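Participant: Sharing final37.txt, compact mmCIF, C-alpha atoms:
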# COMPACT_ATOMS: atom_id res chain seq x y z
CA MET A 386 0.42 12.96 20.06
CA PRO A 387 -2.11 11.86 17.41
CA ALA A 388 -2.28 13.82 14.18
CA GLU A 389 -4.74 16.71 14.10
CA ARG A 390 -6.45 16.52 10.75
CA LEU A 391 -8.05 19.20 8.62
CA LEU A 392 -10.76 17.24 6.84
CA PRO A 393 -13.01 18.62 4.11
CA THR A 394 -16.44 17.47 5.39
CA GLN A 395 -18.24 16.26 8.50
CA GLU A 396 -18.70 12.93 6.72
CA ALA A 397 -14.93 12.67 6.40
CA GLU A 398 -14.45 13.48 10.08
CA ASP A 399 -16.93 10.76 11.05
CA LEU A 400 -15.18 8.30 8.75
CA ILE A 401 -11.73 8.99 10.19
CA ALA A 402 -13.16 8.67 13.71
CA LEU A 403 -14.52 5.24 12.77
CA VAL A 404 -11.19 4.17 11.27
CA LYS A 405 -9.34 5.33 14.39
CA GLU A 406 -11.67 3.26 16.53
CA ILE A 407 -11.19 0.15 14.37
CA ALA A 408 -7.43 0.66 14.29
CA ARG A 409 -7.20 1.12 18.05
CA ASP A 410 -9.61 -1.59 19.17
CA GLU A 411 -9.55 -4.24 16.42
CA LEU A 412 -6.17 -4.04 14.71
CA LYS A 413 -3.43 -2.80 17.03
CA PRO A 414 -4.03 -5.38 19.80
CA HIS A 415 -3.32 -8.22 17.35
CA ALA A 416 -0.44 -6.76 15.35
CA ALA A 417 2.58 -7.80 17.43
CA ASP A 418 1.49 -11.42 17.81
CA ALA A 419 0.57 -11.83 14.15
CA GLU A 420 3.87 -10.35 12.99
CA GLU A 421 5.85 -12.43 15.49
CA ASN A 422 4.17 -15.62 14.31
CA GLU A 423 3.85 -14.68 10.61
CA LYS A 424 0.06 -15.05 10.61
CA PHE A 425 -1.76 -13.62 7.60
CA PRO A 426 -4.58 -11.37 8.90
CA ARG A 427 -7.38 -12.44 6.54
CA ASP A 428 -10.03 -11.69 9.18
CA ALA A 429 -8.74 -8.13 9.48
CA PHE A 430 -9.36 -7.57 5.77
CA ARG A 431 -12.86 -9.02 6.11
CA LEU A 432 -13.47 -6.54 8.93
CA LEU A 433 -12.29 -3.67 6.74
CA GLY A 434 -14.56 -4.89 3.97
CA ARG A 435 -17.61 -5.07 6.23
CA SER A 436 -16.75 -1.58 7.48
CA GLY A 437 -16.72 -0.21 3.93
CA LEU A 438 -12.98 0.53 3.87
CA LEU A 439 -11.84 -1.67 0.97
CA GLY A 440 -13.42 0.56 -1.64
CA LEU A 441 -13.16 4.03 -0.11
CA PRO A 442 -11.97 6.02 -3.16
CA TYR A 443 -14.33 4.36 -5.65
CA SER A 444 -17.85 5.17 -6.79
CA GLU A 445 -20.83 4.52 -4.52
CA GLU A 446 -22.59 3.22 -7.63
CA PHE A 447 -20.42 0.11 -7.47
CA GLY A 448 -20.30 -0.21 -3.68
CA GLY A 449 -17.40 2.11 -2.95
CA GLY A 450 -17.19 4.93 -0.44
CA GLU A 451 -16.76 7.69 -3.05
CA GLN A 452 -14.26 9.52 -0.85
CA PRO A 453 -11.63 11.87 -2.27
CA TYR A 454 -8.09 10.56 -2.17
CA GLU A 455 -7.30 13.22 0.43
CA VAL A 456 -9.65 11.40 2.82
CA TYR A 457 -8.91 7.82 1.77
CA LEU A 458 -5.18 8.32 2.35
CA GLN A 459 -5.73 9.72 5.83
CA ALA A 460 -7.86 6.69 6.66
CA LEU A 461 -5.06 4.50 5.32
CA GLU A 462 -2.56 6.36 7.50
CA GLU A 463 -4.64 5.58 10.59
CA VAL A 464 -4.61 1.88 9.72
CA ALA A 465 -0.84 1.99 9.17
CA SER A 466 -0.26 3.55 12.57
CA ALA A 467 -1.90 0.46 14.11
CA TRP A 468 -0.79 -2.40 11.84
CA MET A 469 1.42 -1.94 8.82
CA THR A 470 0.71 -5.30 7.19
CA VAL A 471 -3.00 -4.51 7.05
CA ALA A 472 -2.41 -0.99 5.72
CA VAL A 473 -0.13 -2.20 2.93
CA GLY A 474 -2.67 -4.91 2.08
CA LEU A 475 -5.43 -2.31 1.94
CA SER A 476 -3.33 -0.12 -0.36
CA VAL A 477 -2.56 -3.09 -2.62
CA HIS A 478 -6.24 -4.06 -2.76
CA VAL A 479 -7.28 -0.53 -3.73
CA MET A 480 -4.60 -0.47 -6.44
CA SER A 481 -5.76 -3.89 -7.66
CA CYS A 482 -9.26 -2.48 -8.21
CA TYR A 483 -7.93 0.52 -10.12
CA GLY A 484 -7.60 -1.04 -13.58
CA LEU A 485 -11.19 -2.26 -13.71
CA ALA A 486 -12.61 0.85 -12.03
CA THR A 487 -10.78 3.24 -14.35
CA PHE A 488 -10.32 1.43 -17.68
CA GLY A 489 -12.94 -1.34 -17.62
CA THR A 490 -16.13 -1.28 -19.68
CA ARG A 491 -19.41 -0.58 -17.97
CA GLU A 492 -20.38 -4.22 -18.44
CA GLN A 493 -17.18 -5.40 -16.75
CA GLN A 494 -17.62 -2.95 -13.89
CA ASP A 495 -21.23 -4.00 -13.30
CA ARG A 496 -20.19 -7.64 -13.30
CA TRP A 497 -17.14 -7.63 -11.03
CA LEU A 498 -16.53 -4.33 -9.31
CA PRO A 499 -19.24 -4.38 -6.60
CA GLU A 500 -18.00 -7.69 -5.19
CA MET A 501 -14.42 -6.39 -5.23
CA LEU A 502 -15.32 -3.22 -3.35
CA GLU A 503 -18.00 -4.31 -0.91
CA GLY A 504 -16.26 -6.68 1.42
CA GLU A 505 -15.28 -10.29 1.13
CA LEU A 506 -12.83 -10.33 -1.77
CA LEU A 507 -9.15 -9.41 -1.53
CA GLY A 508 -7.04 -8.35 -4.48
CA GLY A 509 -3.46 -8.79 -5.64
CA TYR A 510 -1.41 -6.83 -8.17
CA ALA A 511 0.64 -9.08 -10.46
CA LEU A 512 3.11 -6.85 -12.29
CA SER A 513 6.70 -7.51 -11.18
CA GLU A 514 8.90 -10.38 -12.30
CA VAL A 515 12.35 -11.50 -11.22
CA GLN A 516 13.92 -9.76 -14.22
CA ALA A 517 11.25 -7.08 -14.58
CA GLY A 518 10.98 -5.05 -11.40
CA SER A 519 11.95 -1.46 -12.03
CA ASP A 520 11.62 -2.16 -15.78
CA PRO A 521 8.13 -3.65 -16.23
CA ALA A 522 8.41 -3.47 -20.03
CA ALA A 523 10.93 -6.35 -19.76
CA MET A 524 8.31 -8.80 -18.47
CA SER A 525 8.11 -12.22 -20.08
CA THR A 526 4.79 -13.63 -18.79
CA ARG A 527 2.69 -14.21 -21.90
CA ALA A 528 -1.04 -14.23 -22.60
CA VAL A 529 -1.87 -15.90 -25.91
CA ARG A 530 -5.32 -15.53 -27.37
CA LYS A 531 -6.97 -18.76 -28.48
CA GLY A 532 -10.51 -18.20 -29.70
CA SER A 533 -12.62 -16.86 -26.86
CA GLU A 534 -9.89 -17.40 -24.24
CA TYR A 535 -6.44 -16.24 -23.22
CA VAL A 536 -3.87 -18.77 -22.06
CA VAL A 537 -1.31 -17.37 -19.65
CA ASN A 538 2.15 -18.74 -18.85
CA GLY A 539 4.88 -17.19 -16.75
CA THR A 540 5.89 -16.32 -13.22
CA LYS A 541 5.36 -13.11 -11.28
CA ALA A 542 7.54 -12.16 -8.31
CA TRP A 543 7.14 -10.21 -5.07
CA ILE A 544 3.36 -10.45 -5.25
CA THR A 545 1.53 -9.28 -2.13
CA HIS A 546 -1.31 -11.69 -1.21
CA ALA A 547 0.01 -14.33 -3.63
CA GLY A 548 -2.08 -17.44 -3.14
CA ALA A 549 -4.47 -15.65 -0.78
CA ALA A 550 -6.02 -13.14 -3.17
CA ASP A 551 -9.43 -13.71 -4.72
CA PHE A 552 -8.45 -11.86 -7.88
CA TYR A 553 -5.31 -10.45 -9.49
CA THR A 554 -4.84 -7.47 -11.73
CA LEU A 555 -2.40 -9.18 -14.07
CA MET A 556 -0.04 -7.62 -16.58
CA ALA A 557 1.08 -10.01 -19.31
CA ARG A 558 2.71 -9.76 -22.71
CA THR A 559 0.39 -10.16 -25.71
CA SER A 560 2.92 -9.15 -28.38
CA PRO A 561 6.71 -8.79 -28.70
CA ASP A 562 6.50 -4.98 -28.77
CA ALA A 563 8.43 -3.80 -25.70
CA GLY A 564 6.29 -0.82 -24.73
CA ARG A 565 2.95 -1.64 -26.34
CA GLY A 566 2.96 -5.39 -26.10
CA ILE A 567 1.64 -5.62 -22.54
CA SER A 568 -2.02 -6.03 -21.66
CA CYS A 569 -4.04 -5.93 -18.45
CA PHE A 570 -6.33 -8.71 -17.25
CA LEU A 571 -8.58 -9.38 -14.28
CA ALA A 572 -7.53 -12.91 -13.38
CA PRO A 573 -9.65 -15.00 -10.99
CA GLY A 574 -7.61 -16.11 -8.00
CA ASP A 575 -8.99 -19.65 -8.09
CA ALA A 576 -8.25 -20.27 -11.78
CA GLU A 577 -6.72 -23.68 -12.44
CA GLY A 578 -2.98 -23.39 -13.02
CA ILE A 579 -2.30 -20.45 -10.68
CA THR A 580 0.01 -21.50 -7.85
CA ALA A 581 1.90 -19.54 -5.23
CA ALA A 582 5.41 -20.47 -4.13
CA THR A 583 6.54 -20.65 -0.52
CA PRO A 584 6.27 -17.10 0.92
CA GLU A 585 9.43 -15.03 1.06
CA ARG A 586 11.15 -14.86 4.46
CA LYS A 587 11.19 -11.09 4.94
CA MET A 588 12.84 -8.62 7.31
CA GLY A 589 9.50 -7.02 8.14
CA LEU A 590 5.81 -7.17 7.24
CA THR A 591 6.04 -10.80 8.25
CA GLY A 592 2.27 -11.09 8.57
CA SER A 593 1.89 -10.19 4.91
CA ILE A 594 2.23 -12.90 2.27
CA THR A 595 4.76 -12.07 -0.44
CA ALA A 596 5.58 -14.81 -2.94
CA GLN A 597 6.16 -15.76 -6.54
CA LEU A 598 2.98 -16.50 -8.46
CA ALA A 599 3.15 -19.02 -11.30
CA PHE A 600 0.74 -19.17 -14.24
CA ASP A 601 0.82 -22.58 -15.93
CA ASP A 602 -1.58 -22.75 -18.90
CA VAL A 603 -4.12 -20.60 -17.06
CA HIS A 604 -7.28 -20.14 -19.14
CA PHE A 605 -9.80 -17.35 -18.79
CA GLY A 606 -12.19 -15.59 -21.13
CA THR A 607 -11.36 -12.65 -23.37
CA ASP A 608 -13.97 -10.70 -21.39
CA ARG A 609 -11.30 -10.40 -18.66
CA LEU A 610 -9.12 -8.15 -20.81
CA ILE A 611 -9.16 -4.66 -19.27
CA GLY A 612 -8.87 -1.91 -21.87
CA ASN A 613 -7.41 -2.87 -25.24
CA GLU A 614 -4.54 -5.18 -25.99
CA GLY A 615 -1.37 -3.15 -25.53
CA ASP A 616 -2.83 -0.82 -22.89
CA GLY A 617 -1.30 -2.73 -19.98
CA LEU A 618 1.79 -0.64 -19.38
CA LYS A 619 -0.25 2.56 -19.49
CA ILE A 620 -2.73 1.11 -16.98
CA ALA A 621 0.07 -0.21 -14.74
CA LEU A 622 1.93 3.10 -14.59
CA SER A 623 -1.29 5.01 -13.96
CA ALA A 624 -2.19 2.64 -11.12
CA LEU A 625 1.29 3.01 -9.64
CA ASP A 626 0.90 6.80 -9.45
CA SER A 627 -2.04 6.33 -7.10
CA GLY A 628 -0.44 3.34 -5.39
CA ARG A 629 2.61 5.42 -4.52
CA LEU A 630 0.36 7.82 -2.66
CA GLY A 631 -0.98 4.86 -0.72
CA ILE A 632 2.52 3.81 0.29
CA ALA A 633 3.35 7.41 1.24
CA ALA A 634 0.35 7.46 3.57
CA CYS A 635 1.36 4.10 5.04
CA ALA A 636 4.85 5.47 5.65
CA VAL A 637 3.50 8.50 7.49
CA GLY A 638 1.28 6.31 9.65
CA LEU A 639 4.25 4.14 10.58
CA ALA A 640 6.42 7.17 11.32
CA GLN A 641 3.66 8.71 13.46
CA ALA A 642 3.39 5.50 15.47
CA ALA A 643 7.16 5.48 16.03
CA LEU A 644 7.15 9.13 17.07
CA ASP A 645 4.28 8.58 19.50
CA GLU A 646 6.07 5.62 21.06
CA ALA A 647 9.33 7.58 21.38
CA VAL A 648 7.64 10.59 22.99
CA ALA A 649 5.71 8.44 25.45
CA TYR A 650 8.89 6.61 26.46
CA ALA A 651 10.91 9.83 26.79
CA LYS A 652 8.30 11.27 29.14
CA THR A 653 8.48 8.32 31.53
CA ARG A 654 12.12 7.26 31.33
CA THR A 655 14.23 9.13 33.88
CA GLN A 656 18.00 9.64 34.00
CA PHE A 657 19.92 11.92 36.30
CA GLY A 658 16.74 12.59 38.22
CA ARG A 659 14.49 13.85 35.41
CA PRO A 660 12.59 12.62 32.33
CA ILE A 661 14.91 12.26 29.35
CA ILE A 662 12.58 14.36 27.19
CA GLU A 663 13.83 17.38 29.15
CA PHE A 664 17.39 16.95 27.83
CA GLN A 665 17.94 19.23 24.89
CA GLY A 666 19.82 16.69 22.80
CA LEU A 667 16.90 14.29 22.92
CA GLU A 668 14.31 17.04 22.64
CA PHE A 669 15.90 18.23 19.39
CA LEU A 670 15.94 14.66 18.04
CA LEU A 671 12.23 14.32 18.77
CA ALA A 672 11.59 17.73 17.20
CA ASP A 673 13.30 16.63 13.98
CA MET A 674 11.20 13.46 13.99
CA ALA A 675 8.00 15.47 14.38
CA ALA A 676 9.04 17.83 11.59
CA ALA A 677 9.71 14.87 9.28
CA VAL A 678 6.28 13.35 9.97
CA GLU A 679 4.41 16.61 9.44
CA SER A 680 6.35 17.43 6.27
CA ALA A 681 5.73 14.00 4.79
CA ARG A 682 2.02 14.21 5.57
CA ALA A 683 1.74 17.61 3.90
CA THR A 684 3.54 16.26 0.83
CA TYR A 685 1.19 13.33 0.24
CA LEU A 686 -1.87 15.48 0.93
CA GLN A 687 -0.73 18.05 -1.63
CA ALA A 688 -0.37 15.31 -4.25
CA ALA A 689 -3.75 13.82 -3.30
CA ARG A 690 -5.49 17.17 -3.64
CA ARG A 691 -4.07 17.55 -7.14
CA ARG A 692 -5.38 14.10 -8.00
CA ASP A 693 -8.82 14.94 -6.59
CA ARG A 694 -8.98 18.04 -8.78
CA GLY A 695 -8.03 16.15 -11.92
CA LEU A 696 -4.61 17.82 -12.18
CA PRO A 697 -1.43 15.97 -13.20
CA PHE A 698 0.13 14.43 -10.11
CA ARG A 699 2.68 11.85 -11.26
CA GLN A 700 5.68 13.92 -10.22
CA GLN A 701 4.03 14.91 -6.94
CA ALA A 702 3.19 11.25 -6.21
CA SER A 703 6.83 10.30 -6.69
CA ILE A 704 7.93 13.18 -4.47
CA ALA A 705 5.45 12.08 -1.79
CA LYS A 706 6.57 8.47 -1.95
CA LEU A 707 10.24 9.46 -1.79
CA VAL A 708 9.88 11.99 1.02
CA ALA A 709 7.49 9.93 3.15
CA THR A 710 9.33 6.63 2.95
CA ASP A 711 12.74 8.20 3.59
CA ALA A 712 11.16 9.99 6.55
CA ALA A 713 9.72 6.73 7.87
CA MET A 714 13.11 5.06 7.71
CA LYS A 715 14.76 7.91 9.59
CA VAL A 716 12.01 8.40 12.17
CA THR A 717 11.75 4.71 13.03
CA THR A 718 15.54 4.45 13.32
CA ASP A 719 15.61 7.49 15.59
CA ALA A 720 12.78 6.02 17.68
CA VAL A 721 14.95 2.99 18.38
CA GLN A 722 17.72 5.40 19.42
CA VAL A 723 15.41 7.25 21.81
CA LEU A 724 14.52 4.00 23.56
CA GLY A 725 18.16 2.95 23.63
CA GLY A 726 18.73 -0.69 24.51
CA ALA A 727 15.00 -1.18 25.08
CA GLY A 728 14.33 -0.07 21.51
CA TYR A 729 16.50 -2.88 20.19
CA THR A 730 14.35 -5.52 21.88
CA ARG A 731 11.05 -6.98 20.79
CA ASP A 732 9.46 -5.86 24.03
CA PHE A 733 8.78 -2.51 22.33
CA PRO A 734 7.24 -2.05 18.87
CA VAL A 735 9.82 0.43 17.52
CA GLU A 736 12.14 -2.46 16.63
CA ARG A 737 9.40 -3.86 14.37
CA TYR A 738 8.59 -0.42 12.98
CA MET A 739 12.21 0.04 11.91
CA ARG A 740 12.20 -3.31 10.08
CA GLU A 741 8.90 -2.52 8.43
CA ALA A 742 10.04 0.91 7.24
CA LYS A 743 12.82 -0.41 5.03
CA VAL A 744 10.63 -2.07 2.42
CA LEU A 745 8.70 1.17 1.92
CA GLN A 746 11.78 2.57 0.17
CA ILE A 747 11.71 -0.39 -2.22
CA PHE A 748 8.23 -1.37 -3.39
CA GLU A 749 5.85 0.55 -5.69
CA GLY A 750 9.06 1.71 -7.39
CA THR A 751 12.31 2.08 -5.50
CA ASN A 752 13.23 5.53 -4.30
CA GLN A 753 15.93 5.60 -6.97
CA ILE A 754 13.17 5.16 -9.57
CA GLN A 755 11.20 7.97 -7.89
CA ARG A 756 14.19 10.25 -8.40
CA LEU A 757 14.21 9.31 -12.09
CA VAL A 758 10.51 10.16 -12.39
CA ILE A 759 10.97 13.46 -10.56
CA GLY A 760 14.01 14.37 -12.61
CA ARG A 761 12.29 13.63 -15.91
CA GLY A 762 9.44 15.89 -14.83
CA LEU A 763 11.91 18.76 -14.62
CA ARG A 764 13.15 18.44 -18.20
As a first step, turn the structure in this file into structure tokens.
Facilitator:
Amino acid sequence: MPAERLLPTQEAEDLIALVKEIARDELKPHAADAEENEKFPRDAFRLLGRSGLLGLPYSEEFGGGEQPYEVYLQALEEVASAWMTVAVGLSVHVMSCYGLATFGTREQQDRWLPEMLEGELLGGYALSEVQAGSDPAAMSTRAVRKGSEYVVNGTKAWITHAGAADFYTLMARTSPDAGRGISCFLAPGDAEGITAATPERKMGLTGSITAQLAFDDVHFGTDRLIGNEGDGLKIALSALDSGRLGIAACAVGLAQAALDEAVAYAKTRTQFGRPIIEFQGLEFLLADMAAAVESARATYLQAARRRDRGLPFRQQASIAKLVATDAAMKVTTDAVQVLGGAGYTRDFPVERYMREAKVLQIFEGTNQIQRLVIGRGLR
């Protein structure tokens, strides 16, 4: 059964109702085919932009929806329950806007932010490298200042929307200092010298483009530096705190979709003369799945409410990401079990949900990294 939400305002209730309608009518009907045929859903992101969903947590002054994270994440969850590729892309776009929206100058925000939030543009987040995934301070991509320009060389890895994004929030090294030598830039997606490699052949999220992104003597103005030189790692880690909440919400949406599918199947599938949902062994399995979904949702909402109140939330974001993505992996796996042999076929979506759940435990910081963050918060 769909989640019953406790939303803070009537405006938020109307917003979630709109997102549910879009998810049900415009996204879900296209998901299976796009994932089967590895089609990037650019039109879906344009639809979200026209509907005002690409900038939900940002200021109305710059074209955003000015919604608290508590509301934005529940909207994101609704999208994820319909089409995971689109939800992850929405989360990445919102994170890609974070550096400019939070650390940019007023002049930079006036110049670029409205177009990023209002509809047509799609963002990418260029942080990871082949040898700098869990350890971003080890990155080797360099940005060298030459007069009024920076010249960037290096290769980023595992970049969502690589080659399709209109802009990238780029982290690059501006000095040899390990921790303070990284800076943040707003790189135009069409800059000469930016090229995307052949997309990775992934287990799941096959509609989403993930690829290496090469920077070969890419020039752009010094006005595209966000914050000061050396602020990049601070900006990146701050963005990831919020991004992890986005992935937690995506995970809950995916788990809810798997639970709904499993319950619906168990009500109609009969064995020994009655629906299988009436057998206690299966009923208990479904109960554990429901408990996992509800617990994960409560965990990300608690972290979001702390963020909305201006309280520290880094540890809570890591807890939410860990709990929600582990729950999604378990719930989607159990959904396949509920459907039995049918669940292992592509005739039912739970097979795809299970494949999509796995990566949630890996990106935006692996769940092993989340445990490190949580543990350090206890010292």
Participant: Please determine, counting all atoms listed in the file, which residue among A:Gln493, A:Gln516, A:Gln722, A:Gln641 has the shortest atom-to-atom distance to Glu462 of chain A.
Facilitator: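 Closest residue, counting all atoms listed in the file: A:Gln641.
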Participant: Quick one: which segment 535-636 of chain A residues come within 9 Å of segment 683-688 of chain A, and what is the nearest atom pair for each with the distance in Å to one decimal, counting all atoms listed in the file, rows ordered by chain and ascending number, as JSON lines?
Facilitator:
{"residue": "A:Leu630", "atom": "CA", "partner": "A:Tyr685", "partner_atom": "CA", "distance": 6.3}
{"residue": "A:Gly631", "atom": "CA", "partner": "A:Tyr685", "partner_atom": "CA", "distance": 8.8}
{"residue": "A:Ala633", "atom": "CA", "partner": "A:Tyr685", "partner_atom": "CA", "distance": 6.4}
{"residue": "A:Ala634", "atom": "CA", "partner": "A:Tyr685", "partner_atom": "CA", "distance": 6.8}
Participant: In terms of the shortest atom-to-atom distance over all atoms listed in the file, which of A:Pro393, A:Gly628, A:Gly725, A:Pro697 is closest to Phe748 of chain A?
Facilitator: A:Gly628
Participant: Can you list, as a tab-separated table (two decimals) with C-alpha atoms, in the frame of the given file, every protein, DNA or RNA residue that comes within 12 Å of segment 666-668 of chain A when you count only C-alpha atoms, leaving out same-chain residues fewer than 4 positions away?
Facilitator:
chain	number	residue	atom	x	y	z
A	647	ALA	CA	9.33	7.58	21.38
A	648	VAL	CA	7.64	10.59	22.99
A	650	TYR	CA	8.89	6.61	26.46
A	651	ALA	CA	10.91	9.83	26.79
A	652	LYS	CA	8.30	11.27	29.14
A	654	ARG	CA	12.12	7.26	31.33
A	660	PRO	CA	12.59	12.62	32.33
A	661	ILE	CA	14.91	12.26	29.35
A	662	ILE	CA	12.58	14.36	27.19
A	672	ALA	CA	11.59	17.73	17.20
A	673	ASP	CA	13.30	16.63	13.98
A	674	MET	CA	11.20	13.46	13.99
A	675	ALA	CA	8.00	15.47	14.38
A	719	ASP	CA	15.61	7.49	15.59
A	720	ALA	CA	12.78	6.02	17.68
A	722	GLN	CA	17.72	5.40	19.42
A	723	VAL	CA	15.41	7.25	21.81
A	724	LEU	CA	14.52	4.00	23.56
A	725	GLY	CA	18.16	2.95	23.63
Participant: Using only C-alpha atoms, pick whichever of A:Ala643, A:Pro414, A:Ser623, A:His604 has the shortest atom-to-atom distance to Gly532 of chain A.
Facilitator: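 Ranked by minimum distance to Gly532 of chain A, first place goes to A:His604.
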Participant: Which residue is closest to Pro584 of chain A? Choose from A:Leu671, A:Ala402, A:Ala547, A:Leu622 and count all atoms listed in the file.
Facilitator: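 Closest to Pro584 of chain A, using all atoms listed in the file: A:Ala547.
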Participant: Give as a ChimeraX atom specification every residue, naming chains and numbers as the document does, that has an atom within 10 Å of (2.4, -7.0, -5.2), counting all atoms listed in the file.
Facilitator: /A:473-474,477-478,480-481,508-513,541-547,553-554,594-597,748-749
Participant: Counting only C-alpha atoms, which of A:Gly578, A:Gly762, A:Gly566, A:Gly548 gets nearest to Ser593 of chain A?
Facilitator: A:Gly548
Participant: I need the residue nearest Ala649 of chain A from this list: A:Ala408, A:Val735, A:Val708, A:Ile579. Use all atoms listed in the file for the distance.
Facilitator: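 Nearest candidate to Ala649 of chain A out of A:Ala408, A:Val735, A:Val708, A:Ile579: A:Val735.
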Participant: Report, in Å to a single decimal, how far apart atom CA of His415 of chain A and atom CA of Asp732 of chain A are.
Facilitator: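 Interatomic distance, atom CA of Asp732 of chain A to atom CA of His415 of chain A: 14.6 Å.
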Participant: Which residues, written as a CSV table (one decimal) with C-alpha atoms, in the frame of the given file, have at least one atom at most 10 Å from Glu445 of chain A, with all atoms listed in the file counted and residues fewer than 5 positions away on the same chain left out?
Facilitator:
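To be explicit, this is the file written out as selection.csv:
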chain,number,residue,atom,x,y,z
A,440,GLY,CA,-13.4,0.6,-1.6
A,450,GLY,CA,-17.2,4.9,-0.4
A,451,GLU,CA,-16.8,7.7,-3.0
A,452,GLN,CA,-14.3,9.5,-0.8
A,499,PRO,CA,-19.2,-4.4,-6.6
A,502,LEU,CA,-15.3,-3.2,-3.4
A,503,GLU,CA,-18.0,-4.3,-0.9
Participant: As an exercise, work out the distance from atom CA of Arg699 of chain A to atom CA of Leu763 of chain A in Å and give it to one decimal place.
Facilitator: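 Answer for the atom CA of Arg699 of chain A to atom CA of Leu763 of chain A separation: 12.0 Å.
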Participant: Could you name the residues that touch Gln755 of chain A at 9 Å or less, counting all atoms listed in the file, but leaving out those on the same chain fewer than 3 positions away, as number ranges by chain?
Facilitator: A: 700, 702-704, 706-707, 750-752, 758-760
Participant: Mind giving me the axis-aligned box for segment 463-479 of chain A with 4 Å on every side, centre plus edges in Å to one decimal, as lines of an AutoDock Vina configuration file?
Facilitator:
center_x = -2.9
center_y = 0.1
center_z = 5.2
size_x = 16.7
size_y = 18.9
size_z = 25.8
Participant: So how many Å separate atom CA of Phe570 of chain A and atom CA of Tyr457 of chain A, to one decimal?
Facilitator: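 Going from atom CA of Phe570 of chain A over to atom CA of Tyr457 of chain A covers 25.3 Å.
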Participant: Each residue of segment 557-659 of chain A lying at most 9 Å from segment 524-527 of chain A should get a row with its shortest atom-to-atom pair and the distance in Å to one decimal, counting all atoms listed in the file; could you produce that, ordered by chain and increasing number, as a Markdown table?
Facilitator:
| residue | atom | partner | partner_atom | distance |
| --- | --- | --- | --- | --- |
| A:Ala557 | CA | A:Arg527 | CA | 5.2 |
| A:Arg558 | CA | A:Arg527 | CA | 4.5 |
| A:Thr559 | CA | A:Arg527 | CA | 6.0 |
| A:Ser560 | CA | A:Arg527 | CA | 8.2 |
| A:Ala563 | CA | A:Met524 | CA | 8.8 |
| A:Ile567 | CA | A:Met524 | CA | 8.4 |
| A:Phe600 | CA | A:Thr526 | CA | 8.2 |
Participant: What's around Lys743 of chain A at 12 Å? Count only C-alpha atoms, leave out sequence neighbours fewer than 3 positions away in its own chain, and write the answer as JSON, numbers by chain.
Facilitator: {"A": [587, 588, 589, 590, 636, 639, 640, 709, 710, 711, 712, 713, 714, 715, 716, 717, 718, 736, 737, 738, 739, 740, 746, 747, 748, 751, 752]}
Participant: Missing atoms in segment 627-635 of chain A: fill them in up to N, CA, C and O atoms and send the result as a compact mmCIF listing (two decimals), in the coordinates of the input.
Facilitator:
# COMPACT_ATOMS: atom_id res chain seq x y z
N SER A 627 -1.15 6.31 -8.27
CA SER A 627 -2.04 6.33 -7.10
C SER A 627 -1.53 5.42 -6.00
O SER A 627 -1.62 5.74 -4.81
N GLY A 628 -0.98 4.27 -6.38
CA GLY A 628 -0.44 3.34 -5.39
C GLY A 628 0.70 3.94 -4.59
O GLY A 628 0.86 3.64 -3.40
N ARG A 629 1.51 4.78 -5.24
CA ARG A 629 2.61 5.42 -4.52
C ARG A 629 2.10 6.37 -3.45
O ARG A 629 2.73 6.53 -2.40
N LEU A 630 0.96 6.99 -3.71
CA LEU A 630 0.36 7.82 -2.66
C LEU A 630 -0.09 6.96 -1.49
O LEU A 630 0.02 7.37 -0.33
N GLY A 631 -0.59 5.76 -1.80
CA GLY A 631 -0.98 4.86 -0.72
C GLY A 631 0.21 4.47 0.14
O GLY A 631 0.12 4.47 1.38
N ILE A 632 1.34 4.18 -0.48
CA ILE A 632 2.52 3.81 0.29
C ILE A 632 3.05 5.02 1.07
O ILE A 632 3.53 4.87 2.20
N ALA A 633 2.94 6.21 0.51
CA ALA A 633 3.35 7.41 1.24
C ALA A 633 2.52 7.56 2.51
O ALA A 633 3.04 7.87 3.59
N ALA A 634 1.21 7.35 2.40
CA ALA A 634 0.35 7.46 3.57
C ALA A 634 0.68 6.38 4.60
O ALA A 634 0.70 6.64 5.81
N CYS A 635 0.95 5.17 4.13
CA CYS A 635 1.36 4.10 5.04
C CYS A 635 2.64 4.49 5.78
O CYS A 635 2.78 4.25 6.99
